[in-house]
2 protein chains.
Amino acid sequence: MNYFAAPSANSTAHWLKEELRRAIVEMEIAPGARLSEQEIAVRYAVSRQPVREALISLANLNLVEIRPQRGTYVSLLSLSRMREARLLREAVELAIIKQACKAFDMTLVPEIEANLDQQTLHAKYGDRQAFQSVDAQFHNLLARGGGFLHAMETLNGLKLHTDRICKLTLTGPDVLSRLVDQHRGIFAAVLNRQEPLATELMHKHLSDILSFLPTVQMQNPEWFHQEKDAQKLNAPPAQKLALPPRKVSRG
Amino acid sequence: MNYFAAPSANSTAHWLKEELRRAIVEMEIAPGARLSEQEIAVRYAVSRQPVREALISLANLNLVEIRPQRGTYVSLLSLSRMREARLLREAVELAIIKQACKAFDMTLVPEIEANLDQQTLHAKYGDRQAFQSVDAQFHNLLARGGGFLHAMETLNGLKLHTDRICKLTLTGPDVLSRLVDQHRGIFAAVLNRQEPLATELMHKHLSDILSFLPTVQMQNPEWFHQEKDAQKLNAPPAQKLALPPRKVSRG
DNA sequence: AATTTCAGACTTGTATGGTAGTAGACGTAA
DNA sequence: TTACGTCTACTACCATACAAGTCTGAAATT
C-alpha cells in the first residue's frame with residue numbers, strides 16, 4: 001500500500017537530505033561552512049544531481065544558502081530569526097494546548113506516557129541527541145492529541161531555527177530532567193483540563209530556550225549573522241551561568 | 001551587492017517554480033491533475049532537470065505530491081489541513097498584533113497606507129488576484145511593523161493551504177471591500193495601541209475565511225481529499241449563500 | 001469466462017558532460 | 001604602495017543519456 005510514501009523516501013536525494021540535515025543540526029558541519037556539490041558527491045559516492053536536489057530542499061528549510069555560481073554554505077545562526085521563531089512557536093504551541101485542554105484524544109495517552117518514560121531515561125543518562133528526538137515527538141503527540149494532525153510540519157519548521165542552539169545548550173542530566181518535569185506537568189494539566197495552568201506551564205517551558213544564547217554567541221561569534229540589534233523583540237536576559245566552551249569541528 | 005539574492009532568483013528552475021506555484025494557486029491547474037516532468041519541459045522549452053527541481057520545491061510546500069516512478073500530482077485540497085492552517089495562522093497573526101500594539105515601526109506607516117489605498121482600488125474594480133497579492137503584503141507589513149522580519153515565511157506557508165479556496169470564494173467588490181474595511185480597522189487599532197480591540201478585529205477578520213468551504217466542496221468533491229471528518233476542529237457552520245458554480249478549466 | 005503472464009510504454013531517479021558566471025591570484029602599470 | 005586588467009580554477013546551472021520502477025493491456029493459460 002504505502003499510502004504515506006514520502007517523496008521518494010528511498011531515493012538517494014532524500015537520504016542525503018536527511019543525512020545532511022542531521023549533520024547540520026548536530027553542528028557536525030559548522031554554520032558558515034562551505035558545502036560543495038562536487039565534494040559531497042565524491043564523499044558519499046553518488047552523482048552530483050541527488051546532492052543538488054538535497055541541497056535545494058535544505059535551502060527551502062533555510063538550513064543552507066545557495067549562492068548561484070558562487071557556492072553553497074551552511075546558514076549562519078541569526079539572533080532575530082531565533083527570537084522570532086521562538087515567539088511564533090510559543091503562539092502555535094499555546095493554540096495547540098488550548099485545543100488539547102478542550103478535547104484530547106485519549107487513545108494517545110499510552111503512547112505519550114511511554115514517550116515520557118523514554119525522556120526520563122535519556123535524561124538520566126544525559127543522552128541529549130536521543131532526548132531531543134523524543135522531545136520533538138512529545139510536542140507532536142500533544143498536537144495530535146489536540147486534533148492537529150498536520151501542525152507538526154509548521155512546528156518542526158519553526159523548531160529548526162533553534163535546534164542547533166539547543167544542541168549546544170542542553171548539556172547534562174540536570175538540564176534535561178528539568179525539561180522532563182515540565183513536560184509531565186504540562187501533560188498532567190492537559191489531562192485535567194486545566195487550561196490556564198497548562199498554558200502557563202507551556203509558556204515557561206518555552207521561555208528559557210534561548211537563555212544561553214548570548215553566551216554561545218560571545219564564544220563563537222563566527223557562527224552568527226552580524227546584525228544591528230535594532231530588533232530587540234523580547235531579548236532574553238544575559239545568562240551568567242558558565243557554558244562549556246566546546247568547539248565543534250568538522251568530521 | 002545583491003545581499004538578499006534568493007537562491008538563483010534568475011534561474012530557470014526558480015522561474016518555473018514561481019510560475020507553477022502561481023498556476024496552481026490560481027487553480028489554472030486543478031487539484032489532483034497530473035504534472036508530467038516531460039510534458040512541462042517541452043511546454044516551457046527547457047530540459048527536465050529544472051522542471052524536476054521546481055517540482056521538488058513545490059513538493060516541499062505541499063503543493064504537489066511526487067510519487068516515485070508513478071507520477072507527480074497537484075495536491076488535493078484537504079479540509080483538515082485548511083482548518084488547522086487557519087487556526088495556526090490566527091495564532092501567529094494574533095501574536096504579531098500583540099507585539100505591533102506594544103511597539104510599531106512608524107516608518108512603515110506611509111507604505112501601509114499606500115497599500116490600503118491599493119486594496120480599496122482593487123476591491124472597487126473587483127480585481128481579486130491583485131487584491132490577494134496586496135492583501136498578503138498588508139499582513140506582511142503588519143508583521144514587519146511589529147518587529148517580525150521573518151515571520152512572513154511561516155505566515156505565507158500557512159496561507160498557501162487556504163489560498164486556493166480564497167481564490168474561489170473572494171468574488172465581487174462587496175466581499176473585497178468588506179475585507180478592506182476590516183484591514184483599516186485593524187491598522188487603526190494598532191496605531192492607537194488598542195490591543196484588545198485589534199486582536200478581536202483580527203480574530204473576526206480571519207474567522208470567516210473558510211465560510212464557503214462546504215459549498216465549494218459540495219460542488220467540486222473531486223478537488224478534495226476524502227477524509228473521515230473525525231477531526232471537526234472548529235468546523236465552520238455551513239453557509240447558505242449561493243456560490244457561483246464556476247468550474248475551472250486548464251489553460 | 002476468469003486468471004495469469006509478460007511485453008511495452010510510460011513514469012521518476014541517477015549519472016555525466018558541457019556552459020556561463022564568479023572569485024582570487026598574478027602581473028603590470030601608475 | 002595602490003589600482004587595474006587578465007588568466008585560471010573553481011562554482012552552480014542546465015541538457016542529455018541511461019537506469020529502474022510502475023501501470024496497462026493484450027495474449028496465453030486454466
# chains A, B, ... in the order shown; residues from 1 in each chain; ligands from 1

call {"tool": "interface_residues", "arguments": {"of": "chain C", "to": "chain A", "cutoff": "7 Å", "atoms": "only C-alpha atoms (C1' of nucleotides)", "output": "list in words"}}
result
DA15, DG21 and DT22 of chain C

call {"tool": "write_last_selection", "arguments": {"atoms": "C-alpha atoms (C1' of nucleotides)", "output": "CSV table (one decimal), in the first residue's frame"}}
result
chain,number,residue,atom,x,y,z
C,15,DA,C1',24.9,9.9,-13.9
C,21,DG,C1',29.3,33.1,-14.2
C,22,DT,C1',32.3,34.2,-10.0

call {"tool": "interface_residues", "arguments": {"of": "chain B", "to": "chain A", "cutoff": "8 Å", "atoms": "only C-alpha atoms", "output": "JSON, numbers by chain"}}
result
{"B": [5, 7, 8, 53, 56, 57, 59, 60, 65, 66, 67, 68, 80, 81, 84, 85, 87, 88, 91, 92, 95, 147, 148, 149, 150, 151, 154, 158, 231, 233]}

call {"tool": "interface_residues", "arguments": {"of": "chain D", "to": "chain B", "cutoff": "8 Å", "atoms": "only C-alpha atoms (C1' of nucleotides)", "output": "ChimeraX atom specification"}}
result
/D:13-15,21-22

call {"tool": "select_by_dssp", "arguments": {"residues": "region 25-145 of chain A", "states": "strand (DSSP E)", "output": "list in words"}}
result
Val64, Glu65, Ile66, Arg67, Gly71, Thr72, Tyr73 and Val74 of chain A

call {"tool": "atom_distance", "arguments": {"atom1": "CA of Ala130 (chain A)", "atom2": "CA of Leu168 (chain A)"}}
result
14.0 Å

call {"tool": "residues_around", "arguments": {"residues": "region 18-31 of chain B", "least_positions_apart": "4", "cutoff": "9 Å", "atoms": "only C-alpha atoms (C1' of nucleotides)", "output": "list in words"}}
result
Ala13, His14, Ala54, Leu55, Leu58, Leu63, Val64, Tyr73, Val74, Ser75, Leu76, Leu77, Gln129, Leu160, Asp163, Arg164, Ile165, Lys167, Leu168, Glu222, Trp223, Phe224, Val248, Ser249, Arg250 and Gly251 of chain B

call {"tool": "write_last_selection", "arguments": {"atoms": "N, CA and C atoms", "output": "compact mmCIF listing (two decimals), in the first residue's frame"}}
result
# COMPACT_ATOMS: atom_id res chain seq x y z
N ALA B 13 14.97 27.08 -13.02
CA ALA B 13 14.25 26.30 -12.02
C ALA B 13 13.41 27.21 -11.12
N HIS B 14 14.02 28.31 -10.65
CA HIS B 14 13.29 29.21 -9.77
C HIS B 14 12.13 29.86 -10.50
N ALA B 54 12.04 22.40 -9.72
CA ALA B 54 10.89 23.23 -9.36
C ALA B 54 9.85 22.38 -8.65
N LEU B 55 9.60 21.19 -9.17
CA LEU B 55 8.59 20.33 -8.57
C LEU B 55 9.00 19.89 -7.16
N LEU B 58 8.12 22.66 -4.90
CA LEU B 58 6.67 22.72 -4.70
C LEU B 58 6.21 21.58 -3.80
N LEU B 63 2.41 21.62 -2.24
CA LEU B 63 1.52 22.00 -3.34
C LEU B 63 1.41 20.89 -4.37
N VAL B 64 2.42 20.06 -4.48
CA VAL B 64 2.34 18.89 -5.35
C VAL B 64 2.81 17.67 -4.57
N TYR B 73 1.48 14.87 -8.95
CA TYR B 73 0.11 15.34 -8.99
C TYR B 73 -0.05 16.60 -8.15
N VAL B 74 -0.91 17.49 -8.59
CA VAL B 74 -1.25 18.66 -7.79
C VAL B 74 -1.98 18.19 -6.54
N SER B 75 -1.57 18.67 -5.38
CA SER B 75 -2.15 18.21 -4.14
C SER B 75 -3.65 18.50 -4.10
N LEU B 76 -4.39 17.56 -3.56
CA LEU B 76 -5.81 17.78 -3.35
C LEU B 76 -6.01 18.74 -2.19
N LEU B 77 -7.15 19.38 -2.17
CA LEU B 77 -7.49 20.24 -1.04
C LEU B 77 -7.90 19.36 0.12
N GLN B 129 -7.37 38.89 -7.97
CA GLN B 129 -5.98 38.44 -7.98
C GLN B 129 -5.05 39.52 -7.44
N LEU B 160 -0.68 29.41 2.20
CA LEU B 160 -0.72 28.60 0.98
C LEU B 160 -1.86 27.58 1.01
N ASP B 163 -5.09 29.50 0.23
CA ASP B 163 -5.12 30.45 -0.88
C ASP B 163 -6.01 29.98 -2.03
N ARG B 164 -5.97 28.68 -2.31
CA ARG B 164 -6.74 28.20 -3.44
C ARG B 164 -8.23 28.37 -3.21
N ILE B 165 -8.63 28.11 -1.94
CA ILE B 165 -10.04 28.30 -1.62
C ILE B 165 -10.42 29.78 -1.70
N LYS B 167 -9.18 31.97 -3.56
CA LYS B 167 -9.29 32.34 -4.96
C LYS B 167 -10.70 32.10 -5.47
N LEU B 168 -11.33 31.04 -4.95
CA LEU B 168 -12.67 30.71 -5.44
C LEU B 168 -13.75 31.52 -4.77
N GLU B 222 -14.36 16.36 -6.30
CA GLU B 222 -13.17 15.70 -6.84
C GLU B 222 -11.90 16.49 -6.53
N TRP B 223 -12.05 17.73 -6.06
CA TRP B 223 -10.88 18.52 -5.69
C TRP B 223 -10.38 18.19 -4.29
N PHE B 224 -11.18 17.47 -3.52
CA PHE B 224 -10.89 17.34 -2.10
C PHE B 224 -10.43 15.94 -1.73
N VAL B 248 -13.37 25.50 -13.10
CA VAL B 248 -12.09 26.00 -13.59
C VAL B 248 -11.51 24.97 -14.55
N SER B 249 -11.11 25.44 -15.69
CA SER B 249 -10.54 24.52 -16.67
C SER B 249 -9.07 24.83 -16.88
N ARG B 250 -8.38 23.86 -17.35
CA ARG B 250 -6.95 24.05 -17.61
C ARG B 250 -6.77 25.01 -18.77
N GLY B 251 -5.66 25.76 -18.68
CA GLY B 251 -5.38 26.71 -19.76
C GLY B 251 -5.07 25.98 -21.03

call {"tool": "select_by_dssp", "arguments": {"residues": "region 69-195 of chain A", "states": "helix (DSSP H, G or I)", "output": "ChimeraX atom specification"}}
result
/A:79-102,106-124,128-145,151-169,173-191,195

call {"tool": "atom_distance", "arguments": {"atom1": "CA of Leu210 (chain A)", "atom2": "CA of Thr169 (chain A)"}}
result
8.8 Å

call {"tool": "residues_around", "arguments": {"residues": "DG24 (chain C)", "least_positions_apart": "6", "cutoff": "10 Å", "atoms": "only C-alpha atoms (C1' of nucleotides)", "output": "list in words"}}
result
DT8, DA9 and DC10 of chain D
